[in-house]
>>> print(open('my_file.txt').read())   # compact mmCIF, C-alpha atoms
# COMPACT_ATOMS: atom_id res chain seq x y z
CA MET N 336 -32.42 21.84 -28.15
CA GLY N 337 -30.30 21.81 -25.05
CA GLY N 338 -32.05 18.68 -23.79
CA TRP N 339 -31.57 16.88 -27.12
CA GLY N 340 -27.94 18.00 -27.13
CA ASN N 341 -27.41 16.49 -23.70
CA ILE N 342 -29.04 13.23 -24.79
CA VAL N 343 -26.92 13.05 -27.94
CA GLY N 344 -23.79 13.85 -25.95
CA PHE N 345 -24.67 11.17 -23.43
CA LEU N 346 -25.19 8.59 -26.20
CA LEU N 347 -21.97 9.58 -27.93
CA GLY N 348 -20.14 9.39 -24.63
CA ASP N 349 -21.49 5.88 -24.07
CA ARG N 350 -20.48 4.95 -27.60
CA ASP N 351 -16.97 6.25 -27.02
CA SER N 352 -16.82 4.33 -23.75
CA VAL N 353 -17.95 1.10 -25.41
CA SER N 354 -15.50 1.53 -28.28
CA GLY N 355 -12.73 2.22 -25.77
CA GLN N 356 -13.55 -0.97 -23.88
CA ILE N 357 -13.56 -2.97 -27.12
CA ALA N 358 -10.19 -1.52 -28.11
CA HIS N 359 -8.83 -2.30 -24.65
CA ARG N 360 -10.03 -5.89 -24.90
CA ARG N 361 -8.46 -6.25 -28.34
CA VAL N 362 -5.14 -4.99 -27.00
CA LEU N 363 -5.34 -7.45 -24.11
CA ALA N 364 -6.20 -10.30 -26.48
CA VAL N 365 -3.31 -9.48 -28.82
CA SER N 366 -0.90 -9.10 -25.90
CA GLY N 367 -2.05 -12.41 -24.43
CA ALA N 368 -1.66 -14.21 -27.75
CA MET N 369 1.83 -12.78 -28.22
CA SER N 370 2.80 -13.78 -24.67
CA VAL N 371 1.56 -17.34 -25.20
CA ALA N 372 3.42 -17.55 -28.52
CA LEU N 373 6.64 -16.28 -26.92
CA PHE N 374 6.28 -18.73 -24.05
CA LEU N 375 5.77 -21.70 -26.39
CA ALA N 376 8.74 -20.61 -28.49
CA ILE N 377 11.00 -20.51 -25.43
CA VAL N 378 9.79 -23.85 -24.07
CA PHE N 379 10.09 -25.70 -27.36
CA TYR N 380 13.51 -24.18 -27.98
CA LEU N 381 14.71 -25.37 -24.58
CA ARG N 382 13.16 -28.77 -25.26
CA GLN N 383 14.73 -29.23 -28.70
CA ILE N 384 18.27 -28.20 -27.81
CA SER N 385 18.24 -30.58 -24.84
CA VAL N 386 19.62 -28.07 -22.36
CA ALA N 387 20.12 -29.67 -18.97
CA GLY N 388 21.06 -28.21 -15.62
CA SER N 389 22.90 -29.71 -12.72
CA PRO N 390 21.14 -31.26 -9.73
CA GLN N 391 23.18 -28.98 -7.49
CA GLY N 392 21.79 -25.94 -9.29
CA TYR N 393 18.27 -27.23 -8.74
CA LEU N 394 18.95 -27.78 -5.04
CA TYR N 395 20.35 -24.26 -4.73
CA LEU N 396 17.21 -22.84 -6.32
CA GLU N 397 15.04 -24.94 -4.01
CA VAL N 398 16.90 -23.78 -0.91
CA GLY N 399 16.83 -20.14 -2.04
CA GLY N 400 13.13 -20.26 -2.88
CA THR N 401 12.36 -21.89 0.47
CA LEU N 402 14.24 -19.20 2.38
CA VAL N 403 12.41 -16.47 0.47
CA SER N 404 9.04 -18.13 1.18
CA PHE N 405 9.85 -18.29 4.90
CA CYS N 406 10.87 -14.61 4.87
CA TYR N 407 7.59 -13.71 3.20
CA ALA N 408 5.64 -15.74 5.76
CA ALA N 409 7.28 -13.82 8.61
CA ASN N 410 6.52 -10.51 6.88
CA ALA N 411 2.90 -11.56 6.27
CA LEU N 412 2.41 -12.34 9.95
CA VAL N 413 3.68 -8.86 10.84
CA ARG N 414 1.35 -7.40 8.23
CA PHE N 415 -1.61 -9.27 9.71
CA ARG N 416 -0.91 -7.90 13.19
CA GLY N 417 -1.11 -4.36 11.84
CA THR N 418 -3.83 -4.65 9.19
CA HIS N 419 -5.75 -7.89 9.90
CA ASP N 420 -5.29 -8.78 6.23
CA ARG N 421 -6.69 -12.31 6.03
CA THR N 422 -5.20 -12.90 2.58
CA ALA N 423 -1.72 -12.26 3.95
CA LEU N 424 -2.36 -14.53 6.94
CA ILE N 425 -3.59 -17.48 4.86
CA LEU N 426 -0.71 -17.09 2.41
CA ALA N 427 1.75 -16.91 5.31
CA PHE N 428 0.66 -20.35 6.50
CA GLY N 429 0.54 -21.56 2.92
CA PHE N 430 4.09 -20.48 2.13
CA VAL N 431 5.36 -22.05 5.34
CA LEU N 432 3.72 -25.38 4.52
CA SER N 433 4.84 -25.22 0.91
CA GLY N 434 8.39 -24.39 1.97
CA ILE N 435 8.50 -27.26 4.48
CA ILE N 436 7.19 -29.76 1.92
CA GLU N 437 9.68 -28.58 -0.71
CA THR N 438 12.53 -28.75 1.81
CA VAL N 439 11.68 -32.33 2.77
CA GLY N 440 11.33 -33.20 -0.90
CA SER N 441 14.72 -31.65 -1.65
CA PHE N 442 16.36 -33.77 1.05
CA GLY N 443 14.72 -36.88 -0.39
CA LEU N 444 15.84 -35.96 -3.90
CA SER N 445 19.38 -35.36 -2.68
CA ASP N 446 19.46 -38.78 -1.00
CA SER N 447 18.19 -40.42 -4.18
CA LEU N 448 20.87 -38.66 -6.21
CA THR N 449 23.56 -39.82 -3.80
CA SER N 450 22.37 -43.44 -3.84
CA GLY N 451 21.87 -43.46 -7.61
CA ALA N 452 18.28 -44.68 -7.27
CA LEU N 453 16.68 -41.61 -8.83
CA ALA N 454 14.67 -42.09 -12.03
CA LEU N 455 14.76 -38.90 -14.11
CA SER N 456 11.27 -39.60 -15.39
CA GLN N 457 9.86 -39.52 -11.87
CA ILE N 458 8.04 -36.35 -10.81
CA PRO N 459 8.77 -35.49 -7.16
CA MET N 460 5.58 -35.89 -5.17
CA GLY N 461 6.63 -32.99 -2.91
CA TRP N 462 6.63 -30.71 -5.97
CA MET N 463 3.06 -31.62 -6.89
CA VAL N 464 1.68 -31.43 -3.34
CA SER N 465 3.36 -28.16 -2.37
CA ARG N 466 2.55 -26.39 -5.62
CA THR N 467 -1.07 -27.54 -5.73
CA LEU N 468 -1.50 -26.63 -2.06
CA LEU N 469 -0.23 -23.11 -2.67
CA ALA N 470 -2.63 -22.69 -5.61
CA VAL N 471 -5.54 -23.96 -3.52
CA LEU N 472 -4.67 -21.54 -0.72
CA LEU N 473 -4.52 -18.63 -3.14
CA LEU N 474 -8.07 -19.44 -4.19
CA ALA N 475 -9.09 -19.99 -0.56
CA ALA N 476 -7.72 -16.57 0.37
CA ILE N 477 -9.81 -15.00 -2.39
CA VAL N 478 -12.96 -16.78 -1.21
CA VAL N 479 -12.37 -15.92 2.46
CA ASP N 480 -11.66 -12.26 1.69
CA ARG N 481 -14.81 -11.95 -0.42
CA TYR N 482 -17.40 -14.04 1.36
CA MET N 483 -16.36 -14.56 4.99
CA PRO N 484 -17.35 -11.71 7.33
CA THR N 485 -14.57 -9.97 9.22
CA ALA N 486 -14.27 -10.99 12.86
CA ARG N 487 -13.73 -8.36 15.53
CA GLN N 488 -11.15 -10.44 17.37
CA PRO N 489 -7.80 -11.26 15.71
CA SER N 490 -7.74 -14.64 17.49
CA LYS N 491 -10.87 -15.67 15.58
CA GLU N 492 -9.31 -14.53 12.31
CA THR N 493 -6.20 -16.58 13.07
CA ALA N 494 -8.24 -19.64 13.99
CA ALA N 495 -10.31 -19.34 10.80
CA ALA N 496 -7.15 -19.02 8.68
CA LEU N 497 -5.59 -22.06 10.36
CA LEU N 498 -8.76 -24.04 9.74
CA VAL N 499 -8.76 -23.08 6.05
CA VAL N 500 -5.07 -23.98 5.68
CA ALA N 501 -5.47 -27.31 7.51
CA LEU N 502 -8.50 -28.26 5.42
CA ALA N 503 -6.73 -27.32 2.16
CA ALA N 504 -3.59 -29.24 3.16
CA TYR N 505 -5.60 -32.32 4.09
CA LEU N 506 -7.66 -32.37 0.90
CA THR N 507 -4.64 -31.74 -1.34
CA SER N 508 -2.51 -34.43 0.31
CA ALA N 509 -5.39 -36.91 0.34
CA ALA N 510 -6.08 -36.32 -3.36
CA PHE N 511 -2.52 -37.14 -4.38
CA LEU N 512 -2.19 -40.07 -2.00
CA ALA N 513 -5.43 -41.54 -3.35
CA ALA N 514 -4.26 -41.24 -6.95
CA PRO N 515 -4.02 -44.60 -8.72
CA ALA N 516 -0.43 -44.01 -9.88
CA ALA N 517 2.50 -41.76 -9.07
CA PRO N 518 3.08 -38.90 -11.54
CA VAL N 519 5.63 -39.83 -14.20
CA ALA N 520 6.99 -37.85 -17.17
CA HIS N 521 6.36 -39.42 -20.59
CA ALA N 522 9.11 -38.11 -22.85
CA ALA N 523 7.40 -39.23 -26.05
CA ASN N 524 4.27 -37.16 -25.43
CA LEU N 525 3.86 -33.52 -26.36
CA LEU N 526 2.65 -32.83 -22.82
CA SER N 527 5.16 -34.94 -20.94
CA ARG N 528 3.79 -34.03 -17.50
CA PRO N 529 0.01 -33.47 -17.79
CA TRP N 530 -0.23 -33.59 -13.98
CA ASP N 531 1.19 -30.07 -13.88
CA LEU N 532 -1.81 -28.74 -15.75
CA LEU N 533 -3.85 -29.05 -12.53
CA PRO N 534 -1.89 -26.46 -10.50
CA ALA N 535 -1.47 -24.39 -13.68
CA ALA N 536 -5.26 -24.20 -14.05
CA LEU N 537 -5.71 -23.33 -10.36
CA PHE N 538 -3.11 -20.55 -10.55
CA LEU N 539 -4.75 -19.26 -13.75
CA ILE N 540 -8.12 -19.02 -11.98
CA ALA N 541 -6.40 -17.18 -9.12
CA ALA N 542 -4.75 -14.79 -11.59
CA VAL N 543 -8.12 -14.01 -13.19
CA CYS N 544 -9.68 -13.37 -9.77
CA PHE N 545 -6.83 -11.07 -8.69
CA ARG N 546 -7.06 -9.24 -12.01
CA ARG N 547 -10.76 -8.60 -11.47
CA ARG N 548 -10.05 -7.38 -7.98
CA LEU N 549 -7.47 -4.96 -9.36
CA GLU N 550 -10.01 -3.65 -11.87
CA ASN N 551 -12.64 -3.23 -9.18
CA ASP N 552 -10.17 -1.45 -6.93
CA GLY N 553 -9.15 0.76 -9.85
CA VAL N 554 -12.73 1.98 -10.09
CA LYS N 555 -12.36 3.10 -6.46
CA LYS N 556 -9.71 5.65 -7.48
CA GLY N 557 -6.51 3.72 -6.95
CA ALA N 558 -7.52 1.55 -4.00
CA ALA N 559 -5.32 -1.30 -5.29
CA THR N 560 -1.99 -1.57 -3.49
CA LEU N 561 1.39 -2.87 -4.57
CA PHE N 562 0.66 -6.01 -2.59
CA ASP N 563 -2.46 -6.64 -4.70
CA HIS N 564 -0.45 -6.23 -7.92
CA SER N 565 2.23 -8.60 -6.64
CA LEU N 566 -0.42 -11.27 -5.97
CA PHE N 567 -1.56 -11.05 -9.60
CA ILE N 568 2.02 -11.27 -10.90
CA VAL N 569 2.80 -14.20 -8.59
CA ALA N 570 -0.22 -16.11 -9.87
CA LEU N 571 0.83 -15.48 -13.49
CA LEU N 572 4.43 -16.56 -12.86
CA ASN N 573 3.20 -19.80 -11.33
CA VAL N 574 1.00 -20.41 -14.39
CA VAL N 575 4.17 -20.04 -16.47
CA CYS N 576 5.98 -22.35 -14.06
CA HIS N 577 3.56 -25.25 -14.36
CA ALA N 578 2.85 -24.74 -18.05
CA SER N 579 6.59 -25.05 -18.64
CA ALA N 580 6.85 -28.08 -16.34
CA ALA N 581 4.10 -29.80 -18.37
CA PHE N 582 6.52 -29.93 -21.33
CA SER N 583 9.46 -31.25 -19.28
CA ARG N 584 10.60 -34.68 -20.48
CA GLN N 585 12.75 -35.42 -17.44
CA LEU N 586 14.21 -33.88 -14.34
CA PHE N 587 16.81 -31.15 -14.80
CA ASP N 588 16.09 -30.49 -18.50
CA GLY N 589 15.50 -27.01 -19.97
CA PRO N 590 11.74 -26.68 -19.40
CA PHE N 591 12.16 -28.07 -15.88
CA PHE N 592 14.70 -25.39 -14.95
CA PHE N 593 12.60 -22.71 -16.64
CA ALA N 594 9.73 -23.80 -14.40
CA GLU N 595 11.96 -23.75 -11.31
CA LEU N 596 13.24 -20.26 -12.16
CA SER N 597 9.67 -18.98 -12.65
CA LYS N 598 8.65 -20.43 -9.30
CA THR N 599 11.60 -18.89 -7.46
CA LEU N 600 11.01 -15.55 -9.20
CA SER N 601 7.38 -15.62 -8.04
CA TYR N 602 8.59 -15.99 -4.45
CA VAL N 603 10.94 -13.04 -4.90
CA VAL N 604 8.14 -10.91 -6.40
CA MET N 605 5.86 -11.86 -3.52
CA LEU N 606 8.42 -10.90 -0.88
CA SER N 607 9.42 -7.69 -2.69
CA GLY N 608 5.81 -6.57 -3.11
CA ALA N 609 5.07 -7.31 0.54
CA LEU N 610 8.15 -5.41 1.76
CA LEU N 611 7.48 -2.37 -0.43
CA ASP N 612 3.85 -2.29 0.62
CA GLN N 613 4.93 -2.69 4.24
CA ALA N 614 7.17 0.35 3.82
CA ARG N 615 4.19 2.26 2.41
CA LEU N 616 2.07 1.27 5.41
CA PHE N 617 4.81 2.33 7.84
CA GLU N 618 5.11 5.69 6.10
CA GLN N 619 1.34 6.08 6.20
CA VAL N 620 1.27 5.34 9.93
CA ARG N 621 4.16 7.74 10.53
CA SER N 622 2.36 10.44 8.59
CA MET N 623 -0.86 9.83 10.52
CA ALA N 624 1.07 10.15 13.79
CA VAL N 625 2.16 13.71 12.95
CA THR N 626 -0.82 14.91 10.86
CA ASP N 627 -4.18 16.26 11.87
CA PRO N 628 -6.79 13.98 10.26
CA LEU N 629 -9.33 16.73 9.51
CA THR N 630 -7.16 19.49 8.06
CA GLY N 631 -4.09 17.59 6.88
CA LEU N 632 -1.84 20.06 8.70
CA SER N 633 0.78 19.07 11.24
CA ASN N 634 -0.61 18.14 14.64
CA TYR N 635 0.48 19.38 18.07
CA ARG N 636 3.18 16.70 18.41
CA ARG N 637 4.74 17.70 15.10
CA LEU N 638 4.47 21.39 16.01
CA ILE N 639 6.45 20.92 19.23
CA SER N 640 9.08 18.86 17.41
CA VAL N 641 9.50 21.57 14.76
CA LEU N 642 9.71 24.29 17.38
CA GLU N 643 12.41 22.42 19.32
CA ALA N 644 14.44 21.89 16.15
CA GLU N 645 14.01 25.53 15.11
CA VAL N 646 15.06 26.80 18.55
CA ASP N 647 18.25 24.72 18.40
CA ARG N 648 19.01 25.86 14.85
CA SER N 649 18.38 29.53 15.62
CA ARG N 650 20.65 29.35 18.66
CA ARG N 651 23.46 28.12 16.44
CA THR N 652 22.88 30.59 13.60
CA GLN N 653 21.79 33.54 15.77
CA HIS N 654 18.90 34.13 13.37
CA PRO N 655 15.39 34.98 14.59
CA PHE N 656 12.19 33.13 13.74
CA SER N 657 8.54 33.78 14.52
CA VAL N 658 5.60 31.78 15.81
CA VAL N 659 2.02 32.78 14.96
CA LEU N 660 -1.07 31.53 16.78
CA LEU N 661 -4.38 32.00 14.96
CA ASP N 662 -7.82 31.56 16.47
CA MET N 663 -10.92 31.22 14.30
CA ASP N 664 -13.60 33.75 15.19
CA GLY N 665 -17.10 32.50 15.89
CA LEU N 666 -16.74 28.74 15.37
CA LYS N 667 -19.41 28.01 18.01
CA LEU N 668 -21.82 30.37 16.29
CA ILE N 669 -21.20 28.66 12.95
CA ASN N 670 -21.79 25.24 14.50
CA ASP N 671 -25.01 26.38 16.14
CA GLN N 672 -26.35 28.18 13.07
CA TYR N 673 -25.15 25.98 10.20
CA GLY N 674 -24.25 22.65 11.80
CA HIS N 675 -21.01 20.92 12.72
CA LEU N 676 -20.31 19.79 9.15
CA THR N 677 -20.13 23.42 8.06
CA GLY N 678 -17.94 24.14 11.08
CA SER N 679 -15.56 21.36 10.09
CA ARG N 680 -15.58 22.67 6.54
CA ALA N 681 -14.64 26.10 7.88
CA LEU N 682 -11.60 24.63 9.62
CA VAL N 683 -10.57 22.93 6.38
CA ARG N 684 -10.96 26.22 4.48
CA ILE N 685 -8.63 27.97 6.91
CA SER N 686 -6.10 25.14 6.74
CA LYS N 687 -5.97 25.37 2.93
CA ILE N 688 -5.27 29.09 3.10
CA LEU N 689 -2.55 28.56 5.69
CA ARG N 690 -0.97 25.90 3.49
CA ASN N 691 -1.15 28.05 0.37
CA HIS N 692 0.42 31.07 2.09
CA SER N 693 3.27 29.15 3.69
CA ARG N 694 6.72 28.71 2.28
CA ALA N 695 8.28 25.30 1.84
CA ILE N 696 10.30 25.83 5.03
CA ASP N 697 7.28 26.99 7.06
CA THR N 698 5.17 24.66 9.20
CA ALA N 699 1.42 25.09 9.47
CA ALA N 700 -0.19 23.11 12.28
CA ARG N 701 -3.52 22.69 14.00
CA TYR N 702 -2.80 23.75 17.54
CA GLY N 703 -6.06 22.39 18.89
CA GLY N 704 -9.80 22.90 18.38
CA ASP N 705 -10.21 26.09 16.34
CA GLU N 706 -6.62 27.28 16.88
CA PHE N 707 -3.80 27.06 14.35
CA ALA N 708 -0.08 27.78 14.46
CA LEU N 709 2.54 28.88 11.97
CA VAL N 710 6.29 28.45 12.45
CA LEU N 711 8.14 30.90 10.20
CA PRO N 712 11.92 30.29 10.10
CA GLU N 713 14.16 33.27 9.31
CA ALA N 714 11.16 35.58 9.77
CA SER N 715 11.04 38.72 11.90
CA PRO N 716 7.82 39.90 13.60
CA ASP N 717 7.26 42.35 10.73
CA ILE N 718 7.34 39.54 8.19
CA ALA N 719 5.00 37.46 10.35
CA THR N 720 2.66 40.46 10.53
CA ARG N 721 2.52 40.69 6.72
CA VAL N 722 1.88 36.95 6.45
CA VAL N 723 -1.09 37.20 8.79
CA SER N 724 -2.39 40.23 6.90
CA ARG N 725 -2.38 38.22 3.65
CA ILE N 726 -4.18 35.34 5.37
CA ARG N 727 -6.89 37.66 6.70
CA GLU N 728 -7.30 39.35 3.31
CA ARG N 729 -7.63 35.99 1.58
CA LEU N 730 -10.26 34.88 4.10
CA SER N 731 -12.29 38.05 3.65
CA ALA N 732 -12.18 37.65 -0.15
CA GLU N 733 -13.51 34.09 -0.12
CA PRO N 734 -16.91 33.79 -1.84
CA GLU N 735 -17.93 30.71 0.14
CA HIS N 736 -20.44 31.23 2.90
CA PRO N 737 -20.24 31.73 5.87
CA ALA N 738 -17.53 34.37 5.92
CA LEU N 739 -14.54 33.56 8.09
CA SER N 740 -12.06 35.60 10.07
CA VAL N 741 -9.21 34.91 12.47
CA SER N 742 -7.45 36.66 15.31
CA ALA N 743 -3.72 36.17 15.70
CA GLY N 744 -0.81 36.68 18.03
CA VAL N 745 2.90 36.71 17.17
CA ALA N 746 5.93 35.77 19.24
CA ALA N 747 9.54 36.02 18.07
CA PHE N 748 12.67 34.13 19.10
CA PRO N 749 14.60 35.11 21.18
CA ALA N 750 12.82 38.35 22.18
CA ASP N 751 9.64 36.68 23.46
CA GLY N 752 11.10 33.40 24.62
CA ASP N 753 13.87 30.88 24.09
CA THR N 754 11.87 27.65 24.49
CA PRO N 755 8.81 26.29 22.64
CA GLU N 756 6.68 26.68 25.78
CA LYS N 757 7.66 30.32 26.29
CA LEU N 758 7.14 31.20 22.64
CA LEU N 759 3.70 29.59 22.52
CA GLY N 760 2.79 31.28 25.80
CA ALA N 761 3.85 34.70 24.50
CA ALA N 762 1.93 34.19 21.23
CA ASP N 763 -1.12 33.03 23.18
CA ARG N 764 -1.05 36.11 25.42
CA ALA N 765 -0.78 38.36 22.37
CA LEU N 766 -3.69 36.50 20.79
CA TYR N 767 -5.78 36.85 23.94
CA ALA N 768 -5.02 40.55 24.11
CA MET N 769 -6.09 41.02 20.51
CA LYS N 770 -9.23 38.92 20.76
CA HIS N 771 -10.59 40.16 24.05
CA HIS N 772 -9.12 43.61 24.65
CA GLY N 773 -8.76 44.97 21.11
CA ARG N 774 -5.39 46.62 21.67
CA SER N 775 -4.30 48.71 18.73
CA SER N 776 -1.06 50.26 19.88
CA VAL N 777 2.08 50.24 17.82
CA GLN N 778 3.57 47.65 20.16
CA SER N 779 0.66 45.28 19.76
CA LEU N 780 0.86 45.77 16.00
CA THR N 781 4.32 44.26 15.99
CA ARG N 782 3.43 41.54 18.46
CA ILE N 783 -0.04 40.66 17.21
CA ALA N 784 -0.47 39.46 13.65
CA ALA N 785 -1.75 42.74 12.15
CA CYS N 786 -5.36 42.02 13.05
CA LEU N 787 -6.50 45.68 12.98
>>> encode(input="my_file.txt", output="structure tokens")
Amino acid sequence: MGGWGNIVGFLLGDRDSVSGQIAHRRVLAVSGAMSVALFLAIVFYLRQISVAGSPQGYLYLEVGGTLVSFCYAANALVRFRGTHDRTALILAFGFVLSGIIETVGSFGLSDSLTSGALALSQIPMGWMVSRTLLAVLLLAAIVVDRYMPTARQPSKETAAALLVVALAAYLTSAAFLAAPAAPVAHAANLLSRPWDLLPAALFLIAAVCFRRRLENDGVKKGAATLFDHSLFIVALLNVVCHASAAFSRQLFDGPFFFAELSKTLSYVVMLSGALLDQARLFEQVRSMAVTDPLTGLSNYRRLISVLEAEVDRSRRTQHPFSVVLLDMDGLKLINDQYGHLTGSRALVRISKILRNHSRAIDTAARYGGDEFALVLPEASPDIATRVVSRIRERLSAEPEHPALSVSAGVAAFPADGDTPEKLLGAADRALYAMKHHGRSSVQSLTRIAACL
């Protein structure tokens, strides 16, 4: 019966999973349909009321978007130096090229406005080339990240990215230059600018690819970063941009400005996502610099920094604090008998107990090898002794095999030293005395962490 129960439960679980996936897809389909309906309502409303913006407003948006794209490119290059993220590197070059093309196009448009030779039905060629190039590079970044093996040398990665960007720029420019006619808006048609459907389709494919990557990363327990989410949002905003531009009857009308605002917003999202993710990476690096990778406790560098700060604070407040050094008993024997993985697991077990029995103001650190340290602010030697007693009791009560134990030595400020070096030396001598000489006097009880 138990076997049949497991089979039935498994089948019911699968059924629940399938029904959940179907419900999720239905929600996505309804949300997508509502989003498309809202978008069409906004575009047709802007088209019918004949809202028009000023050329100066368009130029301001172009200049602002170009500056944001250049800022993102600089940030992406910094990101590549630290992470070798090829997607960021390709997009950095892509945003630079796109920004340069849009800047040149803006100057040409401004000259045409000044001379009065601008036809409002004309679609700026710089718009089409720069936007299509950026969409192509988004797709190229996806292909490179998925199919091209990672090079060991950053110079090869940079060269490969430059080659991809140069090839994409050449093919995109050649395609538009070889077109039989320049793109023109036909105000009488429902889709006044069908040319914009090309970059819209490319950005839509990129959005689908980034969405799948987010789903795959989600299976890996939150591997997707804020930068990955921003790429997906940027692709969607650019789909909105070019879908809106396809309904624009002439330059500077409502759908045209809606497209320009969507494009500029995508640049802002891209830069914001990159900056926030960069801050996360910096915080991660900072944490790694002061954290022991095996146990998650503070490392020796962090321990010395905390001790120096605590010595300065205690000198001002005239309050004592204690330092405890703990040494794991028999780590070599555990490694020899059970293997190094079990030995590493033993160190992790001790670190968890130290963390659980520390206050928020205490600092638990891995001193080195099989030695640990505790900094206990506002704690006398008696309090430190009780802390070590609880740690030893918790270790002895653990059901996991092999059984663990620690020896400990305590030093107090200012009685045993007034510098981090002196305090650690005094605690180490007390630990050595406990471990190798087995002193059990009343004095050693107050100086050694109650290891009797």
>>> closest_atom_pairs(input="my_file.txt", of="segment 482-537 of chain N", to="segment 566-586 of chain N", cutoff="10 Å", atoms="only C-alpha atoms", output="CSV")
residue,atom,partner,partner_atom,distance
N:Val519,CA,N:Gln585,CA,9.0
N:Ala520,CA,N:Arg584,CA,5.8
N:His521,CA,N:Arg584,CA,6.4
N:Ala522,CA,N:Arg584,CA,4.4
N:Ala523,CA,N:Arg584,CA,7.9
N:Asn524,CA,N:Arg584,CA,8.4
N:Leu525,CA,N:Phe582,CA,6.7
N:Leu526,CA,N:Phe582,CA,5.1
N:Ser527,CA,N:Phe582,CA,5.2
N:Arg528,CA,N:Ala581,CA,4.3
N:Pro529,CA,N:Ala581,CA,5.5
N:Trp530,CA,N:Ala581,CA,7.2
N:Asp531,CA,N:Ala581,CA,5.4
N:Leu532,CA,N:Ala581,CA,6.6
N:Leu533,CA,N:His577,CA,8.5
N:Pro534,CA,N:His577,CA,6.8
N:Ala535,CA,N:Val574,CA,4.7
N:Ala536,CA,N:Val574,CA,7.3
N:Leu537,CA,N:Val574,CA,8.4
>>> residues_around(input="my_file.txt", residues="Ala427 of chain N", least_positions_apart="2", cutoff="9 Å", atoms="all atoms listed in the file", output="ChimeraX atom specification")
/N:404-405,407-412,422-425,429-432
>>> closest_residue(input="my_file.txt", among="N:Arg637, N:Leu666, N:Ala747, N:Ile384", to="Ile718 of chain N", atoms="all atoms listed in the file")
N:Ala747
>>> residues_around(input="my_file.txt", residues="Asp751 of chain N", least_positions_apart="3", cutoff="12 Å", atoms="all atoms listed in the file", output="MDAnalysis selection string")
chainID N and resid 655:658 715:716 744:748 754:765 781:782
>>> atom_distance(input="my_file.txt", atom1="atom CA of Gly752 of chain N", atom2="atom CA of Arg725 of chain N")
25.4 Å
>>> atom_distance(input="my_file.txt", atom1="atom CA of Arg636 of chain N", atom2="atom CA of Asp717 of chain N")
27.1 Å
>>> atom_distance(input="my_file.txt", atom1="atom CA of Ala750 of chain N", atom2="atom CA of His654 of chain N")
11.5 Å
>>> residues_around(input="my_file.txt", residues="segment 463-467 of chain N", least_positions_apart="5", cutoff="7 Å", atoms="all atoms listed in the file", output="list in words")
Ser433, Ile436, Glu437, Thr507, Ser508 and Pro534 of chain N
>>> closest_residue(input="my_file.txt", among="N:Leu638, N:Leu611, N:Val371, N:Val398", to="Ala708 of chain N", atoms="all atoms listed in the file")
N:Leu638
>>> residues_around(input="my_file.txt", residues="segment 681-697 of chain N", least_positions_apart="5", cutoff="9 Å", atoms="only C-alpha atoms", output="PyMOL selection string")
chain N and resi 629-632+663+666+669+676+705+707+709-712+722+725-726+729-730+737-741
>>> closest_residue(input="my_file.txt", among="N:Phe545, N:Tyr767, N:Phe593, N:Tyr673", to="Tyr380 of chain N", atoms="all atoms listed in the file")
N:Phe593
>>> closest_residue(input="my_file.txt", among="N:Asp480, N:Ser633, N:Phe562, N:Pro459", to="Arg621 of chain N", atoms="all atoms listed in the file")
N:Ser633
>>> build_atoms(input="my_file.txt", residues="segment 685-691 of chain N", atoms="N, CA, C and O atoms", output="PDB file, in the frame of the given file")
ATOM      1  N   ILE N 685      -9.747  27.217   6.318  1.00  0.00           N
ATOM      2  CA  ILE N 685      -8.630  27.970   6.910  1.00  0.00           C
ATOM      3  C   ILE N 685      -7.320  27.226   6.714  1.00  0.00           C
ATOM      4  O   ILE N 685      -6.277  27.823   6.398  1.00  0.00           O
ATOM      5  N   SER N 686      -7.337  25.914   6.885  1.00  0.00           N
ATOM      6  CA  SER N 686      -6.100  25.140   6.740  1.00  0.00           C
ATOM      7  C   SER N 686      -5.556  25.228   5.312  1.00  0.00           C
ATOM      8  O   SER N 686      -4.330  25.300   5.114  1.00  0.00           O
ATOM      9  N   LYS N 687      -6.438  25.243   4.316  1.00  0.00           N
ATOM     10  CA  LYS N 687      -5.970  25.370   2.930  1.00  0.00           C
ATOM     11  C   LYS N 687      -5.300  26.722   2.701  1.00  0.00           C
ATOM     12  O   LYS N 687      -4.273  26.804   2.017  1.00  0.00           O
ATOM     13  N   ILE N 688      -5.878  27.767   3.255  1.00  0.00           N
ATOM     14  CA  ILE N 688      -5.270  29.090   3.100  1.00  0.00           C
ATOM     15  C   ILE N 688      -3.920  29.150   3.805  1.00  0.00           C
ATOM     16  O   ILE N 688      -2.945  29.715   3.281  1.00  0.00           O
ATOM     17  N   LEU N 689      -3.839  28.580   4.981  1.00  0.00           N
ATOM     18  CA  LEU N 689      -2.550  28.560   5.690  1.00  0.00           C
ATOM     19  C   LEU N 689      -1.498  27.805   4.871  1.00  0.00           C
ATOM     20  O   LEU N 689      -0.339  28.232   4.782  1.00  0.00           O
ATOM     21  N   ARG N 690      -1.904  26.690   4.283  1.00  0.00           N
ATOM     22  CA  ARG N 690      -0.970  25.900   3.490  1.00  0.00           C
ATOM     23  C   ARG N 690      -0.528  26.657   2.234  1.00  0.00           C
ATOM     24  O   ARG N 690       0.644  26.627   1.852  1.00  0.00           O
ATOM     25  N   ASN N 691      -1.471  27.340   1.604  1.00  0.00           N
ATOM     26  CA  ASN N 691      -1.150  28.050   0.370  1.00  0.00           C
ATOM     27  C   ASN N 691      -0.277  29.274   0.607  1.00  0.00           C
ATOM     28  O   ASN N 691       0.462  29.695  -0.290  1.00  0.00           O
TER      29      ASN N 691
END
